[in-house]
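Shown here: start03.cif, mmCIF, C-alpha atoms.
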data_final
loop_
_atom_site.label_atom_id
_atom_site.label_comp_id
_atom_site.auth_asym_id
_atom_site.auth_seq_id
_atom_site.Cartn_x
_atom_site.Cartn_y
_atom_site.Cartn_z
CA MET A 1 -33.26 34.64 14.65
CA GLU A 2 -32.29 31.92 17.08
CA TYR A 3 -28.67 32.15 15.95
CA LEU A 4 -28.75 35.93 16.29
CA ALA A 5 -29.89 35.46 19.89
CA ILE A 6 -26.98 33.10 20.57
CA ILE A 7 -24.48 35.48 18.97
CA ILE A 8 -25.67 38.69 20.64
CA GLY A 9 -26.26 36.87 23.91
CA GLY A 10 -22.81 35.31 23.88
CA MET A 11 -20.88 38.38 22.86
CA PHE A 12 -22.59 41.11 24.85
CA ILE A 13 -25.38 40.12 27.19
CA ASN A 14 -23.81 37.07 28.84
CA ASN A 15 -20.22 38.03 28.10
CA TYR A 16 -17.93 35.33 29.52
CA ILE A 17 -15.76 37.79 31.41
CA PHE A 18 -18.22 40.40 32.55
CA SER A 19 -21.20 38.33 33.52
CA ARG A 20 -20.28 34.64 33.63
CA PHE A 21 -16.77 34.86 35.13
CA LEU A 22 -15.16 32.35 32.78
CA GLY A 23 -11.55 32.56 31.60
CA LEU A 24 -10.42 35.18 34.10
CA CYS A 25 -6.87 33.88 34.64
CA PRO A 26 -5.69 34.57 31.07
CA PHE A 27 -7.84 37.71 31.01
CA LEU A 28 -5.88 39.16 33.92
CA GLY A 29 -2.61 37.46 32.98
CA VAL A 30 -2.02 38.28 29.31
CA SER A 31 -3.74 41.64 28.96
CA LYS A 32 -0.70 43.82 29.59
CA GLN A 33 -0.30 44.72 25.90
CA ILE A 34 -2.76 44.83 23.03
CA GLU A 35 -0.45 42.67 20.91
CA THR A 36 -0.33 39.72 23.30
CA ALA A 37 -4.03 40.11 24.03
CA THR A 38 -4.77 39.81 20.30
CA GLY A 39 -2.67 36.65 20.06
CA MET A 40 -4.42 35.08 23.03
CA GLY A 41 -7.81 36.14 21.69
CA MET A 42 -7.17 34.53 18.29
CA ALA A 43 -6.01 31.31 19.96
CA VAL A 44 -9.10 31.25 22.18
CA ILE A 45 -11.49 31.82 19.25
CA PHE A 46 -9.82 28.99 17.35
CA VAL A 47 -9.81 26.50 20.22
CA MET A 48 -13.26 27.33 21.61
CA THR A 49 -14.93 26.88 18.23
CA MET A 50 -13.15 23.58 17.61
CA ALA A 51 -13.80 22.40 21.17
CA SER A 52 -17.52 23.17 20.88
CA ALA A 53 -17.75 21.03 17.75
CA VAL A 54 -15.69 18.13 19.07
CA THR A 55 -17.31 17.97 22.50
CA TRP A 56 -20.77 18.07 20.89
CA LEU A 57 -19.83 14.99 18.84
CA ILE A 58 -18.43 13.23 21.92
CA GLN A 59 -21.51 14.07 23.98
CA ASN A 60 -24.09 13.03 21.39
CA PHE A 61 -22.39 10.06 19.72
CA ILE A 62 -20.51 8.49 22.63
CA LEU A 63 -21.64 9.63 26.07
CA VAL A 64 -25.43 9.78 25.57
CA PRO A 65 -25.86 6.48 23.61
CA LEU A 66 -23.74 4.63 26.17
CA HIS A 67 -25.41 6.36 29.16
CA LEU A 68 -22.06 7.69 30.33
CA GLU A 69 -23.16 11.30 30.95
CA TYR A 70 -21.53 11.25 34.37
CA MET A 71 -18.16 10.89 32.62
CA GLN A 72 -18.73 14.26 30.90
CA THR A 73 -16.14 16.24 32.85
CA VAL A 74 -13.39 13.64 32.46
CA ALA A 75 -14.13 13.03 28.79
CA PHE A 76 -14.38 16.72 27.89
CA ILE A 77 -11.17 17.81 29.59
CA LEU A 78 -9.20 14.96 28.01
CA VAL A 79 -10.62 15.73 24.58
CA ILE A 80 -9.83 19.42 24.98
CA ALA A 81 -6.27 18.71 26.15
CA ALA A 82 -5.73 16.35 23.21
CA LEU A 83 -7.32 18.84 20.81
CA VAL A 84 -5.04 21.64 21.95
CA GLN A 85 -1.98 19.43 21.48
CA PHE A 86 -3.19 18.37 18.05
CA VAL A 87 -3.98 21.92 16.95
CA GLU A 88 -0.53 22.99 18.09
CA MET A 89 1.14 20.28 16.00
CA VAL A 90 -0.98 21.00 12.92
CA ILE A 91 -0.34 24.73 13.07
CA MET A 92 3.38 24.13 13.50
CA LYS A 93 3.45 22.00 10.34
CA VAL A 94 1.04 24.01 8.20
CA SER A 95 1.73 27.61 9.05
CA PRO A 96 4.90 28.54 10.91
CA VAL A 97 3.81 32.20 10.80
CA LEU A 98 0.58 31.46 12.63
CA TYR A 99 2.51 29.25 15.03
CA GLN A 100 4.82 32.15 15.79
CA ALA A 101 1.78 34.26 16.64
CA LEU A 102 -0.26 31.70 18.62
CA GLY A 103 2.37 29.18 19.70
CA ILE A 104 3.05 30.31 23.24
CA TYR A 105 -0.64 30.81 24.03
CA LEU A 106 -1.88 27.40 22.96
CA PRO A 107 -0.56 25.33 25.89
CA LEU A 108 -2.09 27.82 28.31
CA ILE A 109 -5.53 27.30 26.83
CA THR A 110 -6.08 23.81 28.24
CA THR A 111 -6.54 25.34 31.66
CA ASN A 112 -8.65 28.24 30.40
CA CYS A 113 -11.97 27.52 32.03
CA ALA A 114 -13.83 29.30 29.21
CA VAL A 115 -13.08 26.35 26.91
CA LEU A 116 -14.37 23.64 29.23
CA GLY A 117 -17.10 26.06 30.30
CA VAL A 118 -18.48 26.49 26.79
CA ALA A 119 -18.49 22.72 26.27
CA LEU A 120 -20.39 22.10 29.50
CA LEU A 121 -22.82 24.97 28.94
CA ASN A 122 -23.57 23.81 25.39
CA ALA A 123 -24.38 20.36 26.72
CA MET A 124 -26.48 21.87 29.52
CA GLU A 125 -28.47 24.02 27.07
CA GLY A 126 -29.06 21.02 24.79
CA TYR A 127 -27.87 22.85 21.68
CA GLY A 128 -27.78 21.21 18.24
CA PHE A 129 -24.48 20.88 16.40
CA LEU A 130 -24.59 24.17 14.51
CA GLN A 131 -25.94 26.03 17.53
CA ALA A 132 -23.09 24.67 19.65
CA VAL A 133 -20.47 25.77 17.14
CA VAL A 134 -22.04 29.23 16.77
CA SER A 135 -22.23 29.57 20.54
CA GLY A 136 -18.56 28.58 20.87
CA ALA A 137 -17.45 31.12 18.29
CA ALA A 138 -19.70 33.93 19.59
CA ASN A 139 -18.65 33.47 23.22
CA ALA A 140 -14.99 33.36 22.17
CA LEU A 141 -15.47 36.58 20.19
CA GLY A 142 -17.04 38.19 23.25
CA TRP A 143 -14.09 37.03 25.36
CA THR A 144 -11.64 38.47 22.82
CA LEU A 145 -13.55 41.75 22.71
CA ALA A 146 -13.32 41.95 26.49
CA ILE A 147 -9.58 41.25 26.66
CA LEU A 148 -8.84 43.73 23.84
CA LEU A 149 -10.82 46.53 25.50
CA PHE A 150 -9.14 45.73 28.80
CA ALA A 151 -5.65 45.69 27.28
CA GLY A 152 -6.38 49.11 25.79
CA ILE A 153 -7.31 50.47 29.21
CA ARG A 154 -4.37 48.74 30.86
CA GLU A 155 -1.82 50.30 28.51
CA ARG A 156 -2.94 53.71 29.75
CA TRP A 157 -2.22 52.89 33.37
CA ALA A 158 1.37 53.93 32.70
CA PHE A 159 0.23 57.55 32.63
CA ILE A 160 -1.79 57.66 35.83
CA ASP A 161 -0.89 57.75 39.48
CA ILE A 162 -2.29 54.61 41.12
CA PRO A 163 -1.95 54.27 44.93
CA PRO A 164 0.78 51.68 45.63
CA SER A 165 -1.53 49.26 47.44
CA MET A 166 -4.00 49.25 44.53
CA GLN A 167 -1.42 48.52 41.83
CA GLY A 168 -1.63 45.27 39.92
CA PHE A 169 -4.57 42.95 40.58
CA PRO A 170 -6.72 45.29 42.72
CA ILE A 171 -6.91 48.04 40.12
CA ALA A 172 -7.35 45.44 37.37
CA LEU A 173 -10.37 44.00 39.17
CA VAL A 174 -11.91 47.40 39.87
CA SER A 175 -11.50 48.40 36.20
CA THR A 176 -13.06 45.12 35.13
CA GLY A 177 -15.94 45.85 37.47
CA LEU A 178 -16.52 49.24 35.87
CA MET A 179 -16.40 47.68 32.40
CA SER A 180 -18.84 45.08 33.63
CA ILE A 181 -21.26 47.85 34.65
CA ALA A 182 -20.96 49.24 31.11
CA PHE A 183 -21.71 45.81 29.65
CA PHE A 184 -24.69 45.59 31.98
CA GLY A 185 -26.30 48.14 29.68
CA PHE A 186 -26.74 45.35 27.13
CA GLN A 187 -29.05 43.44 29.49
CA GLY A 188 -32.22 45.01 28.14
CA LEU A 189 -31.16 44.66 24.52
CA PHE A 190 -33.67 42.71 22.44
CA ARG A 191 -35.89 42.10 25.45
CA GLY A 192 -39.25 41.07 24.18
CA ILE A 193 -37.98 40.50 20.66
CA LEU A 194 -35.61 37.60 21.12
CA PHE A 195 -35.73 36.37 24.69
CA MET B 1 5.84 20.52 63.15
CA ASN B 2 6.62 20.54 59.46
CA MET B 3 3.07 19.42 58.68
CA LEU B 4 1.69 22.25 60.78
CA ARG B 5 3.83 24.80 58.95
CA THR B 6 2.73 23.44 55.56
CA PHE B 7 -0.89 23.57 56.69
CA TYR B 8 -0.57 27.17 57.91
CA ASN B 9 1.28 28.19 54.73
CA GLY B 10 -1.84 27.64 52.63
CA ILE B 11 -4.06 29.68 54.93
CA VAL B 12 -2.07 32.89 55.41
CA PRO B 13 1.40 33.28 53.83
CA GLU B 14 0.47 31.71 50.48
CA ASN B 15 -3.30 32.00 50.50
CA PRO B 16 -4.19 30.94 46.93
CA THR B 17 -6.89 33.56 46.47
CA LEU B 18 -5.71 36.61 48.40
CA ARG B 19 -1.93 36.19 48.02
CA LEU B 20 -1.22 34.22 44.87
CA VAL B 21 -4.40 35.46 43.12
CA ILE B 22 -4.96 32.28 41.12
CA GLY B 23 -8.15 30.40 40.29
CA MET B 24 -10.29 33.54 40.28
CA CYS B 25 -13.31 32.36 38.28
CA PRO B 26 -15.16 30.51 41.08
CA VAL B 27 -14.10 33.18 43.59
CA LEU B 28 -16.13 35.78 41.74
CA ALA B 29 -18.92 33.51 40.55
CA VAL B 30 -20.04 31.69 43.69
CA THR B 31 -19.76 34.49 46.24
CA THR B 32 -23.30 35.85 45.81
CA ALA B 33 -24.26 34.22 49.12
CA VAL B 34 -22.21 32.82 52.00
CA VAL B 35 -23.97 29.43 51.88
CA ASN B 36 -22.94 28.89 48.26
CA SER B 37 -19.34 29.81 49.01
CA VAL B 38 -19.20 27.32 51.90
CA TRP B 39 -20.35 24.43 49.70
CA MET B 40 -17.97 25.46 46.93
CA GLY B 41 -15.17 25.63 49.50
CA LEU B 42 -15.98 22.14 50.79
CA ALA B 43 -15.94 20.76 47.24
CA VAL B 44 -12.55 22.38 46.59
CA ILE B 45 -11.10 21.12 49.91
CA PHE B 46 -12.20 17.59 49.02
CA VAL B 47 -10.84 17.63 45.47
CA LEU B 48 -7.60 19.36 46.45
CA THR B 49 -6.85 17.06 49.39
CA ALA B 50 -7.80 13.84 47.62
CA SER B 51 -5.89 14.63 44.45
CA ASN B 52 -2.86 15.84 46.42
CA ILE B 53 -2.77 12.55 48.36
CA LEU B 54 -3.19 10.35 45.29
CA ILE B 55 -0.65 12.27 43.22
CA SER B 56 1.83 12.20 46.08
CA LEU B 57 1.35 8.42 46.39
CA LEU B 58 1.83 7.94 42.65
CA ARG B 59 4.66 10.44 42.25
CA LYS B 60 7.30 7.74 41.71
CA PHE B 61 5.21 5.92 39.07
CA ILE B 62 4.02 8.82 36.91
CA PRO B 63 6.40 9.34 33.98
CA ASP B 64 7.68 12.89 33.88
CA LYS B 65 6.69 13.56 30.26
CA ILE B 66 2.99 12.79 30.62
CA ARG B 67 2.57 14.01 34.19
CA ILE B 68 0.16 16.84 33.35
CA PRO B 69 -2.43 14.59 31.62
CA CYS B 70 -2.09 12.14 34.53
CA PHE B 71 -2.74 14.90 37.05
CA ILE B 72 -5.75 16.06 35.05
CA VAL B 73 -7.26 12.57 35.03
CA VAL B 74 -6.84 12.27 38.80
CA ILE B 75 -8.32 15.72 39.42
CA ALA B 76 -11.20 15.14 36.97
CA THR B 77 -12.10 11.89 38.74
CA PHE B 78 -12.35 13.53 42.15
CA THR B 79 -14.21 16.50 40.66
CA THR B 80 -16.80 14.13 39.19
CA ILE B 81 -17.20 12.50 42.61
CA ALA B 82 -17.65 15.92 44.25
CA ASP B 83 -20.14 16.95 41.56
CA LEU B 84 -22.28 13.81 41.96
CA VAL B 85 -22.21 13.94 45.78
CA LEU B 86 -23.17 17.63 45.83
CA ALA B 87 -26.02 16.97 43.38
CA ALA B 88 -27.32 14.24 45.69
CA VAL B 89 -26.86 16.06 49.02
CA GLN B 90 -27.68 19.67 48.11
CA PRO B 91 -29.58 19.77 44.79
CA ASP B 92 -30.49 23.47 45.15
CA VAL B 93 -26.93 24.62 45.86
CA HIS B 94 -25.70 22.36 43.05
CA LYS B 95 -28.04 24.12 40.65
CA ILE B 96 -26.83 27.57 41.73
CA LEU B 97 -23.13 26.64 41.51
CA GLY B 98 -23.93 25.09 38.13
CA VAL B 99 -21.00 24.78 35.81
CA PHE B 100 -18.47 25.88 38.44
CA VAL B 101 -18.42 22.51 40.19
CA PRO B 102 -17.20 20.57 37.11
CA LEU B 103 -14.92 23.52 36.37
CA ILE B 104 -12.91 22.70 39.51
CA VAL B 105 -10.95 20.48 37.08
CA VAL B 106 -9.36 23.48 35.38
CA ASN B 107 -8.90 25.50 38.56
CA CYS B 108 -5.28 26.64 38.56
CA ILE B 109 -4.97 26.13 42.34
CA ILE B 110 -5.42 22.37 42.14
CA LEU B 111 -3.22 21.68 39.13
CA GLY B 112 -0.73 24.17 40.54
CA ARG B 113 -0.47 22.37 43.88
CA ALA B 114 -0.23 19.00 42.13
CA GLU B 115 2.64 20.23 39.99
CA ALA B 116 4.45 22.40 42.54
CA PHE B 117 3.92 20.46 45.75
CA ALA B 118 2.23 17.05 45.72
CA SER B 119 4.41 15.59 42.97
CA LYS B 120 7.56 16.41 44.96
CA ASN B 121 6.61 15.75 48.58
CA PRO B 122 5.65 12.77 50.80
CA VAL B 123 2.01 11.95 51.51
CA HIS B 124 1.63 13.53 54.94
CA LEU B 125 2.92 16.90 53.69
CA ALA B 126 0.73 16.71 50.57
CA LEU B 127 -2.27 16.07 52.83
CA ALA B 128 -1.43 19.08 55.02
CA ASP B 129 -0.88 21.24 51.95
CA GLY B 130 -4.19 20.18 50.38
CA VAL B 131 -6.21 20.85 53.52
CA GLY B 132 -4.40 24.13 54.22
CA MET B 133 -4.76 25.50 50.70
CA GLY B 134 -8.39 24.34 50.60
CA ILE B 135 -9.20 26.08 53.88
CA GLY B 136 -7.34 29.19 52.73
CA PHE B 137 -9.47 29.27 49.58
CA THR B 138 -12.67 28.67 51.56
CA LEU B 139 -11.93 31.43 54.07
CA ALA B 140 -11.11 33.88 51.28
CA ILE B 141 -14.35 33.21 49.38
CA MET B 142 -16.32 33.32 52.64
CA ILE B 143 -14.92 36.79 53.40
CA LEU B 144 -15.82 38.02 49.92
CA ALA B 145 -19.25 36.38 50.05
CA SER B 146 -19.93 37.98 53.45
CA ILE B 147 -19.10 41.45 52.11
CA ARG B 148 -21.28 40.92 49.07
CA GLU B 149 -24.22 39.33 50.88
CA ILE B 150 -24.28 41.89 53.71
CA LEU B 151 -24.05 44.91 51.40
CA GLY B 152 -26.10 43.46 48.57
CA ASN B 153 -28.82 41.66 50.48
CA GLY B 154 -28.57 42.84 54.07
CA SER B 155 -28.23 39.28 55.31
CA TRP B 156 -25.61 36.73 56.38
CA PHE B 157 -26.10 32.98 55.80
CA GLY B 158 -29.53 33.95 54.51
CA ILE B 159 -30.56 35.58 57.82
CA ARG B 160 -31.51 39.22 57.42
CA PHE B 161 -30.07 41.26 60.27
CA MET B 162 -29.58 44.75 58.88
CA PRO B 163 -32.15 47.32 60.12
CA ALA B 164 -35.23 47.83 57.96
CA GLY B 165 -33.98 51.27 56.90
CA PHE B 166 -30.96 49.68 55.20
CA GLU B 167 -31.40 49.74 51.45
CA PRO B 168 -29.42 46.80 49.98
CA ALA B 169 -27.12 47.76 47.11
CA THR B 170 -28.20 45.12 44.60
CA VAL B 171 -25.16 45.83 42.43
CA MET B 172 -23.02 44.04 45.03
CA ILE B 173 -24.58 40.67 44.26
CA LEU B 174 -24.49 41.33 40.51
CA PRO B 175 -21.27 40.66 38.52
CA PRO B 176 -19.86 44.25 38.72
CA GLY B 177 -20.04 44.13 42.52
CA ALA B 178 -17.95 40.95 42.53
CA PHE B 179 -15.07 42.57 40.64
CA VAL B 180 -15.13 45.85 42.55
CA SER B 181 -15.39 44.30 46.02
CA LEU B 182 -12.62 41.77 45.33
CA GLY B 183 -10.47 44.59 43.94
CA PHE B 184 -10.88 46.66 47.09
CA LEU B 185 -10.42 43.59 49.31
CA LEU B 186 -7.06 42.84 47.68
CA GLY B 187 -6.13 46.53 47.86
CA THR B 188 -6.89 46.61 51.59
CA MET B 189 -4.84 43.43 52.11
CA ASN B 190 -1.89 45.04 50.31
CA LEU B 191 -2.22 48.19 52.41
CA ILE B 192 -2.24 46.21 55.68
CA THR B 193 0.71 44.08 54.56
CA ALA B 194 2.69 47.17 53.57
CA ARG B 195 1.98 48.87 56.92
CA LEU B 196 2.99 45.74 58.86
CA ALA B 197 6.14 45.35 56.80
CA ALA B 198 7.04 49.00 57.38
CA ARG B 199 6.55 48.62 61.14
CA ASN B 200 8.60 45.39 61.24
CA SER B 201 11.46 46.86 59.26
CA ARG B 202 11.50 49.91 61.55
CA SER B 203 11.73 47.72 64.65
CA THR B 204 14.36 45.42 63.15
CA GLU B 205 16.39 48.29 61.73
CA ARG B 206 17.50 49.26 65.20
CA VAL B 207 18.93 45.81 65.91
CA PRO B 208 21.34 45.63 62.95
CA SER B 209 22.46 49.22 63.53
CA HIS B 210 23.31 48.37 67.12
CA ALA B 211 25.05 45.24 65.95
CA ALA B 212 26.97 47.28 63.39
CA ASP B 213 28.00 49.77 66.07
CA ALA B 214 29.13 46.91 68.27
CA GLY B 215 31.06 45.46 65.36
CA LEU B 216 32.83 48.74 64.73
CA GLU B 217 33.81 49.12 68.35
CA GLY B 218 35.00 45.52 68.58
#
Do you think you could lay out the structure here as structure tokens?
Amino acid sequence: MEYLAIIIGGMFINNYIFSRFLGLCPFLGVSKQIETATGMGMAVIFVMTMASAVTWLIQNFILVPLHLEYMQTVAFILVIAALVQFVEMVIMKVSPVLYQALGIYLPLITTNCAVLGVALLNAMEGYGFLQAVVSGAANALGWTLAILLFAGIRERWAFIDIPPSMQGFPIALVSTGLMSIAFFGFQGLFRGILF
Amino acid sequence: MNMLRTFYNGIVPENPTLRLVIGMCPVLAVTTAVVNSVWMGLAVIFVLTASNILISLLRKFIPDKIRIPCFIVVIATFTTIADLVLAAVQPDVHKILGVFVPLIVVNCIILGRAEAFASKNPVHLALADGVGMGIGFTLAIMILASIREILGNGSWFGIRFMPAGFEPATVMILPPGAFVSLGFLLGTMNLITARLAARNSRSTERVPSHAADAGLEG
């Protein structure tokens, strides 16, 4: 039940894009086509799940025993940067096909604030190992859902007449706002049962 | 003179938030109230200026291949300082800003300026660039926070001034309001820029045509 709360909460209720504002740069940057959005989404799911696991280990086996919690930000960002590099090398060796699909997105992920965000939020919530991993995967799935829906909407912009001053970022933000209102409908979900 | 131009560049011509549209996460997240946006802006000014100065000082010693990790370490250090100071000085604001203070590390503006400007320019210019970009960011988030706080709460800096009959639109301080108001703010900026550009080109058009006439006669 607790895990269900983390999954539903992460994917719908506290969606990283629509209610927590994490990972907006890639959301706005690589959502022009569904294909690229899928690639980015897969890479984010992969890295966020791994990062949740690794940063939990760092936090609970290194930082807390040594009373170095104030080094959290520095330690986490270095670990994430190293992890992304490592993942990139492993994928290149193991599966060239997957590398073709994810390759160009991986370097961008280090500066995706959703990855560092999930690590910091997991630590803040005091999750256990499995909870942290589930939370990483669920939030990443929610992020991917958001970018896929958005890419679908964005592909249809070609057929409509947008005022010149609203083209590009302004209309993207307004559309995201409307989607965010739709996701707001999930707020009452499970109230009283889970939360 | 050059320093002044660099400083001004970050505020208007290349405003990171309203012109370059980078580093959007904190822009949307911390603009529920003007007070929060001011503290966030101060934290960003500090981190941006300090890391710009240090990176500019070290630019001849940082090997090119590992420059990005080096920049990240510098930025993360100053972010940690900002985080700890804010927690000590303003515990309530620190709690509201939450995860967005440590997330300054991955803000594209700061890494972007380190890579594009500080690592290529002398210290005094890097300082001017850091302060200018920081102030540009702060002004942009203050404008957005003012719109959201006035419409969503009827107050400014926490002081309620709208008449009692004004019904605040709560959606403005909720996440959807952030996206929609920033969208329309950017749209309005584009409209104003386009109008100004059209007026300028109309007034300058006459000059070249005269010059061309003169050239033909000569």
Hey, what's within 10 Å of Val38 in chain B if we count all atoms listed in the file and toss same-chain stuff fewer than 3 positions away? As a PDB file with C-alpha atoms, keeping the file's coordinate frame, please?
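The resulting file, part_29.pdb, is reproduced below:
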ATOM      1  CA  VAL B  30     -20.040  31.690  43.690  1.00  0.00           C
ATOM      2  CA  THR B  31     -19.760  34.490  46.240  1.00  0.00           C
ATOM      3  CA  ALA B  33     -24.260  34.220  49.120  1.00  0.00           C
ATOM      4  CA  VAL B  34     -22.210  32.820  52.000  1.00  0.00           C
ATOM      5  CA  VAL B  35     -23.970  29.430  51.880  1.00  0.00           C
ATOM      6  CA  GLY B  41     -15.170  25.630  49.500  1.00  0.00           C
ATOM      7  CA  LEU B  42     -15.980  22.140  50.790  1.00  0.00           C
ATOM      8  CA  ALA B  43     -15.940  20.760  47.240  1.00  0.00           C
ATOM      9  CA  VAL B  44     -12.550  22.380  46.590  1.00  0.00           C
ATOM     10  CA  THR B 138     -12.670  28.670  51.560  1.00  0.00           C
ATOM     11  CA  LEU B 139     -11.930  31.430  54.070  1.00  0.00           C
ATOM     12  CA  ILE B 141     -14.350  33.210  49.380  1.00  0.00           C
ATOM     13  CA  MET B 142     -16.320  33.320  52.640  1.00  0.00           C
ATOM     14  CA  ALA B 145     -19.250  36.380  50.050  1.00  0.00           C
ATOM     15  CA  PHE B 157     -26.100  32.980  55.800  1.00  0.00           C
TER      16      PHE B 157
END
Test item: residues at most 10 Å from Met166 in chain A, only C-alpha atoms, excluding those fewer than 3 positions along its chain, as a PyMOL selection string: (chain A and resi 162-163+169-174) or (chain B and resi 183-191)
Tell me which residues the PyMOL selection byres ((chain A) within 9 of (chain B)) grabs here, as a VMD selection string. chain A and resid 18 to 25 70 to 75 77 to 78 81 110 to 113 116 to 117 120 to 121 124 164 to 167 169 to 181 184
So that I have them on file, write out the residues from the current selection with C-alpha atoms, as a compact mmCIF listing (two decimals), keeping the file's coordinate frame.
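Done, and the output landed in out18.txt:
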# COMPACT_ATOMS: atom_id res chain seq x y z
CA PHE A 18 -18.22 40.40 32.55
CA SER A 19 -21.20 38.33 33.52
CA ARG A 20 -20.28 34.64 33.63
CA PHE A 21 -16.77 34.86 35.13
CA LEU A 22 -15.16 32.35 32.78
CA GLY A 23 -11.55 32.56 31.60
CA LEU A 24 -10.42 35.18 34.10
CA CYS A 25 -6.87 33.88 34.64
CA TYR A 70 -21.53 11.25 34.37
CA MET A 71 -18.16 10.89 32.62
CA GLN A 72 -18.73 14.26 30.90
CA THR A 73 -16.14 16.24 32.85
CA VAL A 74 -13.39 13.64 32.46
CA ALA A 75 -14.13 13.03 28.79
CA ILE A 77 -11.17 17.81 29.59
CA LEU A 78 -9.20 14.96 28.01
CA ALA A 81 -6.27 18.71 26.15
CA THR A 110 -6.08 23.81 28.24
CA THR A 111 -6.54 25.34 31.66
CA ASN A 112 -8.65 28.24 30.40
CA CYS A 113 -11.97 27.52 32.03
CA LEU A 116 -14.37 23.64 29.23
CA GLY A 117 -17.10 26.06 30.30
CA LEU A 120 -20.39 22.10 29.50
CA LEU A 121 -22.82 24.97 28.94
CA MET A 124 -26.48 21.87 29.52
CA PRO A 164 0.78 51.68 45.63
CA SER A 165 -1.53 49.26 47.44
CA MET A 166 -4.00 49.25 44.53
CA GLN A 167 -1.42 48.52 41.83
CA PHE A 169 -4.57 42.95 40.58
CA PRO A 170 -6.72 45.29 42.72
CA ILE A 171 -6.91 48.04 40.12
CA ALA A 172 -7.35 45.44 37.37
CA LEU A 173 -10.37 44.00 39.17
CA VAL A 174 -11.91 47.40 39.87
CA SER A 175 -11.50 48.40 36.20
CA THR A 176 -13.06 45.12 35.13
CA GLY A 177 -15.94 45.85 37.47
CA LEU A 178 -16.52 49.24 35.87
CA MET A 179 -16.40 47.68 32.40
CA SER A 180 -18.84 45.08 33.63
CA ILE A 181 -21.26 47.85 34.65
CA PHE A 184 -24.69 45.59 31.98
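If you measure from each of B:Arg113, B:Lys65, B:Arg5, B:Arg19 to Leu48 in chain B using all atoms listed in the file, the closest one turns out to be B:Arg113.
You will find CA of Asn153 in chain B at 14.2 Å from CA of Asn36 in chain B.
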Hits of the PyMOL selection byres ((chain A and resi 151-159) around 9) in this structure, as a ChimeraX atom specification: /A:30-37,146-150,160-162,172,175
Quick one: distance from CA of Pro13 in chain B to CA of Gly132 in chain B in Å, one decimal?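 Result for CA of Pro13 in chain B versus CA of Gly132 in chain B: 10.8 Å, one decimal.
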Please write as a list in words the full residue list that the PyMOL selection byres ((chain B and resi 116-118) around 9) yields on this file.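 For this structure, the PyMOL selection byres ((chain B and resi 116-118) around 9) resolves to Ser51, Asn52, Ile53, Leu54, Ile55, Ser56, Leu57, Arg59, Leu111, Gly112, Arg113, Ala114, Glu115, Ser119, Lys120, Asn121, Pro122, Val123, Leu125, Ala126, Leu127, Asp129 and Gly130 of chain B.
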Selected residues, C-alpha atoms, written as an mmCIF file, in the frame of the given file, please.
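Below is the file out_4.cif, written as the result:
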data_model
loop_
_atom_site.group_PDB
_atom_site.id
_atom_site.type_symbol
_atom_site.label_atom_id
_atom_site.label_comp_id
_atom_site.auth_asym_id
_atom_site.auth_seq_id
_atom_site.Cartn_x
_atom_site.Cartn_y
_atom_site.Cartn_z
ATOM 1 C CA SER B 51 -5.890 14.630 44.450
ATOM 2 C CA ASN B 52 -2.860 15.840 46.420
ATOM 3 C CA ILE B 53 -2.770 12.550 48.360
ATOM 4 C CA LEU B 54 -3.190 10.350 45.290
ATOM 5 C CA ILE B 55 -0.650 12.270 43.220
ATOM 6 C CA SER B 56 1.830 12.200 46.080
ATOM 7 C CA LEU B 57 1.350 8.420 46.390
ATOM 8 C CA ARG B 59 4.660 10.440 42.250
ATOM 9 C CA LEU B 111 -3.220 21.680 39.130
ATOM 10 C CA GLY B 112 -0.730 24.170 40.540
ATOM 11 C CA ARG B 113 -0.470 22.370 43.880
ATOM 12 C CA ALA B 114 -0.230 19.000 42.130
ATOM 13 C CA GLU B 115 2.640 20.230 39.990
ATOM 14 C CA SER B 119 4.410 15.590 42.970
ATOM 15 C CA LYS B 120 7.560 16.410 44.960
ATOM 16 C CA ASN B 121 6.610 15.750 48.580
ATOM 17 C CA PRO B 122 5.650 12.770 50.800
ATOM 18 C CA VAL B 123 2.010 11.950 51.510
ATOM 19 C CA LEU B 125 2.920 16.900 53.690
ATOM 20 C CA ALA B 126 0.730 16.710 50.570
ATOM 21 C CA LEU B 127 -2.270 16.070 52.830
ATOM 22 C CA ASP B 129 -0.880 21.240 51.950
ATOM 23 C CA GLY B 130 -4.190 20.180 50.380
#
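Here CA of Leu189 in chain A stands at a distance of 9.0 Å from CA of Ile8 in chain A.
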Counting only C-alpha atoms, the residue of A:Gln187, A:Asn122, A:Ile80, A:Met40 that sits nearest Ala101 in chain A: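 Once distances to Ala101 in chain A are computed over only C-alpha atoms, the minimum belongs to A:Met40.
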Using all atoms listed in the file, which protein or nucleic acid residues come within 12 Å of Val134 in chain A? Drop anything in the same chain fewer than 6 positions from it, and give the result as a list of chain:residue names.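 So the residues in contact are A:Glu2, A:Tyr3, A:Leu4, A:Ala5, A:Ile6, A:Ile7, A:Ile8, A:Gly9, A:Gly10, A:Met11, A:Ile45, A:Met48, A:Thr49, A:Met50, A:Ala51, A:Ser52, A:Ala53, A:Trp56, A:Val118, A:Asn122, A:Tyr127, A:Gly128, A:Ala140, A:Leu141.
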